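Visitor: Here it is, the structure, as structure tokens.
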Amino acid sequence: MTQSPENTVWDVIVVGGGHAGCEAATAAARMGAATLLLTHKLDTIGEMSCNPAIGGLGKGHLVREIDALAGVMGRLADRSGIQFRLLNRSKGAAVRGPRAQIDRRLYREAMQAELAETPNLTIVAAAVEDLVIEHGRVVGAVADDGRLFRAAAVVLTTGTFLNGVIHRGDERIPAGRHGDQPAIGLSQRLYGLDLNMGRLKTGTPARLDGRTIAWERLEMQQADETPVPFSFLTDRITVPQIACGITATNARTHEIIAANLGQSAVYGGHLSGRGPRYCPSIEDKVVRFADKDSHQVFLEPEGSDDPTVYPNGISTSVAPDTQLAFLRTMAGLEAVEVIRYGYAIEYDYIDPRELDPSLQMKRLPGLWCAGQINGTTGYEEAGAQGLVAGLNAARAASGADAVTFGRDEAYIGVMIDDLVTRGVTEPYRMFTSRAEYRLTLRADNADQRLTGRGVELGLVGPERAAAFAHKALLLKAADEVVRTVTFTPNEAKALGVTVNADGQRRSIRDLLAYPGVTLDAFAAVVPAMADWPEVVREQVVIDAGYAGYIDRQRIEAESLQREEALILPAELDYATVGGLSNEVREKLERIRPRTLGQAGRIEGMTPGALTALLFHVKHRRTVAA
């Protein structure tokens, strides 16, 4: 007889059906865990609550890494993307960022279909308001109607729902997002557990009626002629591509906003939480960049058959009449009508320093957290955390050890290490500049860095594993060719490549690093190149261009890692470590870093303090030996 969900003991329960929750649930299910996804509304699973776009600089790297570990975001974005653009195309591959404007309906429908077809995954509509805690461990969740669901592991992915409040002018509306009730009981429960928590905010702009925009007056931004997919399993993008419009604020726009700053949630004193520095509201822009008389606004359609337009760059929380007034000052928007006005939302989050690198609560085992509840912003950051939390919750349910990703291994590792070591004072957003090893952590090689490990962990299925193995064989053969086929300076010159006449033979790989040299220069010498797939040709060229830099970076990384990897004893009494200031000692006691490298990334840590810590730990081990 089939048991009802509340009478079944699950391996993993995931709370929340946003981007973190979808990745957590599918990851746990792929690991073979009996997984239950609890979400307040089934029809909002996979909803894009804010910007209808996925990817970008840093964020696109995360999507590629999610995909390399068989997550769903990249594949579904490829099925629903209506304007693909590779950002920083003219720059080096390390800082290029795949990005796509998404059709909201297509993405939501694709996500719901994906979850419905996922083996080991059950989905139930339930608003979770409490946790079941026994013997200091989380063993389940309780819905607002009293239903109790038990599990070996619980993953919270509550987004902005924890005690969420929408602010718009004088309005204060309790909500997790527009049209959805907040999770007040769950927030109170978490505060009652004496966890370090706080308030953050984010915002969204008005949604415009595209039928009332004078598109003919606007500069239009086209999609890339040949769209670059997110997923390593996608051969090509088949969704018809669209153009976006570009307008801008002006002096009159700014005058209206400045005259009504008191209506703003922040400048009116209604909010205590800090917003994302790198995605400021239009009020913030007017105040912080008073010397600028214009800010660009991208008009992004939310779907091929949807009149709704997202004006990227003008999130706001002023009153509706003020929003309409400043919108109509912009070129092309003189007669615009608003479908839904913008707002700010304030919500509770848990200090991510409460978590270990597997995203499990240090003081509350059995509970993992992912997404905005950890102080991050963005679909991509949420999805990446969800995958890691779901993976580790499933492993814990089966008795396996936790899995973590290093800063030298993935942007996922950079983000999680930043969160659990440093914490956040504002919503965390991923940038390529956050990674010390960004020359090797490129979007193009995410599969080479992570898919093999995903296969070992059981995250990656046979189709992706076979495709990866085939690509790896092709890359290995091509790499052998470009490393072993060599030329004298005269031979290279005959091919149109001028090098120093020093008599040294140089490989194709060496010569590809010279400006303007392409694989075509060597086609006559190596006819087999004509059979290399484009993805292999591109990878060979990128690897050759970065080879010298990466070799130097590898040497530096190995030197750093010899010390950074030093494990700090979990029971270490920092009061016995000489040479530490009270401030540093207090931070070390609170954060309890696992390694010397993590300790070094704590805000305020000094080289002298690290040296004292290194000496203390090594001396202690010498004495113990």
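Residue numbers start at 1 in each chain; chains themselves are named A, B, ... in the order of the structure tokens; ligands are numbered from 1 in the order shown.
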Would you list the contacts of Glu563 in chain A as a list in words, taking every protein, DNA or RNA residue within 12 Å and counting only C-alpha atoms, but skipping same-chain residues closer than 6 positions in sequence?
Guide: Glu556, Ala557, Thr595, Leu596, Gly597, Gln598, Ala599, Gly600, Leu610, Thr611, Leu613, Leu614, Phe615, Val617 and Lys618 of chain A
Visitor: Go ahead and dump the residues you just picked, C-alpha atoms, as a PDB file, in the first residue's frame.
Guide:
ATOM      1  CA  GLU A 556      51.726  29.780  -6.946  1.00  0.00           C
ATOM      2  CA  ALA A 557      48.616  27.811  -6.011  1.00  0.00           C
ATOM      3  CA  THR A 595      41.958  25.343   7.540  1.00  0.00           C
ATOM      4  CA  LEU A 596      44.646  27.992   7.731  1.00  0.00           C
ATOM      5  CA  GLY A 597      43.477  29.211   4.321  1.00  0.00           C
ATOM      6  CA  GLN A 598      39.974  29.818   5.654  1.00  0.00           C
ATOM      7  CA  ALA A 599      41.428  31.634   8.643  1.00  0.00           C
ATOM      8  CA  GLY A 600      43.357  33.887   6.290  1.00  0.00           C
ATOM      9  CA  LEU A 610      48.326  33.804  10.597  1.00  0.00           C
ATOM     10  CA  THR A 611      52.013  33.237  11.321  1.00  0.00           C
ATOM     11  CA  LEU A 613      48.472  30.409  14.282  1.00  0.00           C
ATOM     12  CA  LEU A 614      50.635  28.398  11.887  1.00  0.00           C
ATOM     13  CA  PHE A 615      53.485  28.200  14.390  1.00  0.00           C
ATOM     14  CA  VAL A 617      49.481  24.357  15.304  1.00  0.00           C
ATOM     15  CA  LYS A 618      52.751  22.980  13.918  1.00  0.00           C
TER      16      LYS A 618
END
Visitor: Which residues are close to Ala402 in chain A, i.e. within 10 Å by only C-alpha atoms, leaving aside same-chain residues fewer than 4 positions away? Reply as a CSV table (one decimal) with C-alpha atoms, in the first residue's frame.
Guide:
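Output file part_17.csv is given in full below:
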chain,number,residue,atom,x,y,z
A,356,ASP,CA,29.8,24.4,7.6
A,357,PRO,CA,31.2,24.2,4.0
A,358,SER,CA,28.6,21.4,3.2
A,359,LEU,CA,25.9,24.1,4.0
A,360,GLN,CA,24.8,22.2,7.1
A,388,VAL,CA,25.5,21.4,-2.9
A,389,ALA,CA,23.0,21.3,0.0
A,391,LEU,CA,24.0,16.6,-2.6
A,392,ASN,CA,25.2,16.7,1.0
A,393,ALA,CA,21.8,16.1,2.6
A,394,ALA,CA,21.4,13.0,0.5
A,395,ARG,CA,24.9,11.8,1.4
A,396,ALA,CA,24.2,12.4,5.1
Visitor: As JSON, numbers by chain, please: the residues near Val287 in chain A (cut-off 12 Å, only C-alpha atoms, same-chain neighbours under 6 positions excluded).
Guide: {"A": [254, 255, 257, 258, 259, 260, 261, 264, 266, 267, 280, 281, 293]}
Visitor: Output the selection as a compact mmCIF listing (two decimals), in the first residue's frame - N, CA and C atoms for each residue.
Guide:
# COMPACT_ATOMS: atom_id res chain seq x y z
N HIS A 254 15.41 62.21 -12.68
CA HIS A 254 16.10 62.33 -11.39
C HIS A 254 15.46 63.38 -10.50
N GLU A 255 14.96 64.44 -11.10
CA GLU A 255 14.27 65.49 -10.31
C GLU A 255 13.05 64.90 -9.59
N ILE A 257 12.43 61.76 -8.80
CA ILE A 257 12.85 60.79 -7.78
C ILE A 257 13.40 61.52 -6.55
N ALA A 258 14.28 62.52 -6.78
CA ALA A 258 14.87 63.26 -5.67
C ALA A 258 13.82 63.98 -4.84
N ALA A 259 12.78 64.46 -5.52
CA ALA A 259 11.72 65.20 -4.80
C ALA A 259 10.83 64.27 -3.98
N ASN A 260 10.92 62.97 -4.24
CA ASN A 260 10.04 62.03 -3.54
C ASN A 260 10.82 60.93 -2.81
N LEU A 261 12.04 61.23 -2.41
CA LEU A 261 12.87 60.23 -1.73
C LEU A 261 12.23 59.75 -0.44
N SER A 264 10.59 56.42 -0.51
CA SER A 264 11.43 55.23 -0.69
C SER A 264 11.56 54.46 0.62
N VAL A 266 14.05 52.82 1.78
CA VAL A 266 15.34 53.06 2.43
C VAL A 266 15.43 54.50 2.91
N TYR A 267 15.20 55.45 2.00
CA TYR A 267 15.41 56.85 2.35
C TYR A 267 14.27 57.41 3.20
N PRO A 280 21.76 48.43 -7.31
CA PRO A 280 21.08 49.45 -6.52
C PRO A 280 19.75 49.87 -7.13
N SER A 281 18.87 50.37 -6.28
CA SER A 281 17.61 50.93 -6.75
C SER A 281 17.89 52.23 -7.49
N ASP A 293 23.89 62.35 -14.91
CA ASP A 293 22.55 62.84 -15.29
C ASP A 293 21.76 61.82 -16.08
Visitor: Please identify the helix (DSSP H, G or I) residues within range 338-544 of chain A (assignment by DSSP from backbone atoms) and present them as a short mmCIF file (atom, residue, chain, number, x, y, z; two decimals) with C-alpha atoms, in the first residue's frame.
Guide:
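result14.cif, written as the output of this step:
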data_model
loop_
_atom_site.label_atom_id
_atom_site.label_comp_id
_atom_site.auth_asym_id
_atom_site.auth_seq_id
_atom_site.Cartn_x
_atom_site.Cartn_y
_atom_site.Cartn_z
CA PRO A 352 26.02 31.91 6.78
CA ARG A 353 28.84 31.58 9.30
CA GLU A 354 26.37 29.36 11.15
CA GLN A 372 18.76 33.85 -0.09
CA ILE A 373 18.29 32.45 3.42
CA ASN A 374 22.13 32.40 3.45
CA TYR A 379 19.05 32.72 -9.19
CA GLU A 380 22.50 31.38 -10.06
CA GLU A 381 23.97 31.73 -6.56
CA ALA A 382 20.83 30.10 -5.15
CA GLY A 383 20.89 27.22 -7.61
CA ALA A 384 24.56 26.45 -6.95
CA GLN A 385 24.01 26.38 -3.20
CA GLY A 386 20.91 24.25 -3.64
CA LEU A 387 22.86 21.64 -5.59
CA VAL A 388 25.54 21.42 -2.88
CA ALA A 389 22.99 21.30 -0.05
CA GLY A 390 20.89 18.65 -1.78
CA LEU A 391 23.96 16.56 -2.56
CA ASN A 392 25.19 16.67 1.02
CA ALA A 393 21.78 16.13 2.59
CA ALA A 394 21.40 12.98 0.49
CA ARG A 395 24.89 11.79 1.42
CA ALA A 396 24.21 12.40 5.10
CA ALA A 397 20.94 10.46 4.87
CA TYR A 411 33.26 29.23 -8.33
CA ILE A 412 30.82 27.21 -6.23
CA GLY A 413 33.71 26.62 -3.83
CA VAL A 414 34.68 30.31 -3.85
CA MET A 415 31.14 31.39 -3.03
CA ILE A 416 30.55 28.90 -0.23
CA ASP A 417 33.94 29.54 1.34
CA ASP A 418 33.27 33.30 1.24
CA LEU A 419 29.87 32.81 2.87
CA VAL A 420 30.78 30.42 5.67
CA THR A 421 34.07 32.15 6.46
CA ARG A 422 33.36 35.85 6.08
CA THR A 432 34.93 36.68 -11.39
CA SER A 433 37.11 39.02 -9.30
CA ARG A 434 36.27 37.01 -6.17
CA ALA A 446 33.52 23.77 -16.13
CA ASP A 447 32.80 20.25 -17.34
CA GLN A 448 36.49 19.32 -17.36
CA ARG A 449 36.80 20.59 -13.79
CA LEU A 450 33.66 19.07 -12.32
CA THR A 451 31.87 16.45 -14.42
CA GLY A 452 34.35 13.68 -13.63
CA ARG A 453 33.86 14.33 -9.94
CA GLY A 454 30.11 14.39 -10.46
CA VAL A 455 30.33 10.94 -12.05
CA GLU A 456 32.29 9.63 -9.06
CA LEU A 457 29.72 11.05 -6.63
CA PRO A 462 24.93 7.86 -18.02
CA GLU A 463 24.03 10.20 -20.92
CA ARG A 464 26.13 13.09 -19.62
CA ALA A 465 28.90 10.75 -18.46
CA ALA A 466 29.16 9.23 -21.95
CA ALA A 467 29.17 12.64 -23.66
CA PHE A 468 31.84 13.88 -21.26
CA ALA A 469 34.00 10.80 -21.78
CA HIS A 470 33.78 11.19 -25.57
CA LYS A 471 34.70 14.87 -25.40
CA ALA A 472 37.57 14.10 -23.02
CA LEU A 473 39.00 11.58 -25.51
CA LEU A 474 38.80 14.11 -28.35
CA LEU A 475 40.46 16.80 -26.23
CA LYS A 476 43.21 14.43 -25.14
CA ALA A 477 43.97 13.46 -28.74
CA ALA A 478 43.95 17.09 -29.88
CA ASP A 479 46.14 18.15 -26.96
CA GLU A 480 48.63 15.44 -27.86
CA VAL A 481 48.84 16.84 -31.38
CA VAL A 482 49.32 20.48 -30.43
CA ARG A 483 51.94 19.59 -27.82
CA THR A 484 54.02 17.18 -29.91
CA PRO A 489 61.46 29.22 -36.72
CA ASN A 490 61.87 28.85 -40.50
CA GLU A 491 59.17 26.19 -40.69
CA ALA A 492 56.86 28.38 -38.65
CA LYS A 493 57.60 31.36 -40.91
CA ALA A 494 56.63 29.27 -43.94
CA ILE A 508 51.58 24.24 -32.17
CA ARG A 509 50.45 24.96 -28.61
CA ASP A 510 53.31 27.46 -28.18
CA LEU A 511 52.63 29.11 -31.54
CA LEU A 519 44.54 26.64 -35.98
CA ASP A 520 43.99 27.17 -39.69
CA ALA A 521 47.68 28.01 -40.07
CA PHE A 522 48.52 24.37 -39.35
CA PRO A 527 44.91 17.43 -41.92
CA ALA A 528 43.14 15.66 -39.02
CA MET A 529 42.36 19.10 -37.56
CA ALA A 530 39.58 19.42 -40.11
CA ASP A 531 37.71 16.67 -38.28
CA GLU A 534 34.24 23.22 -33.06
CA VAL A 535 34.10 22.75 -29.27
CA VAL A 536 37.47 20.96 -29.39
CA ARG A 537 39.05 23.58 -31.66
CA GLU A 538 37.86 26.36 -29.37
CA GLN A 539 39.15 24.61 -26.25
CA VAL A 540 42.58 23.97 -27.80
CA VAL A 541 42.97 27.65 -28.67
CA ILE A 542 41.80 28.86 -25.24
CA ASP A 543 44.08 26.43 -23.40
CA ALA A 544 47.05 27.47 -25.53
#
Visitor: Could you give me, as JSON, numbers by chain, the residues within 12 Å of Thr238 in chain A, counting only C-alpha atoms and dropping anything in the same chain fewer than 6 positions from it?
Guide: {"A": [77, 78, 79, 80, 81, 82, 83, 84, 226, 227, 228, 229]}
Visitor: Please write the residues from the selection above to a file, keeping C-alpha atoms, as a short mmCIF file (atom, residue, chain, number, x, y, z; two decimals), in the first residue's frame.
Guide:
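Wrote again13.cif, looks like this:
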data_model
loop_
_atom_site.label_atom_id
_atom_site.label_comp_id
_atom_site.auth_asym_id
_atom_site.auth_seq_id
_atom_site.Cartn_x
_atom_site.Cartn_y
_atom_site.Cartn_z
CA ALA A 77 17.59 28.04 -19.75
CA ASP A 78 18.67 26.70 -23.14
CA ARG A 79 15.09 25.57 -23.80
CA SER A 80 13.55 28.89 -22.78
CA GLY A 81 16.15 31.56 -23.59
CA ILE A 82 14.92 34.22 -26.02
CA GLN A 83 18.02 36.42 -26.19
CA PHE A 84 21.45 34.84 -25.71
CA THR A 226 25.18 32.25 -33.00
CA PRO A 227 23.87 31.78 -29.45
CA VAL A 228 26.22 30.09 -26.98
CA PRO A 229 24.28 27.56 -24.84
#
Visitor: Write out as a list in words each polymer residue whose atoms come within 9 Å of Tyr341 in chain A, counting only C-alpha atoms; drop sequence neighbours fewer than 3 positions from it.
Guide: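 Those residues are Arg168, Thr204, Pro205, Ala206, Arg207, Leu208, Thr316, Ser317, Ala319, Pro320, Gln323, Leu324 and Val338 of chain A.
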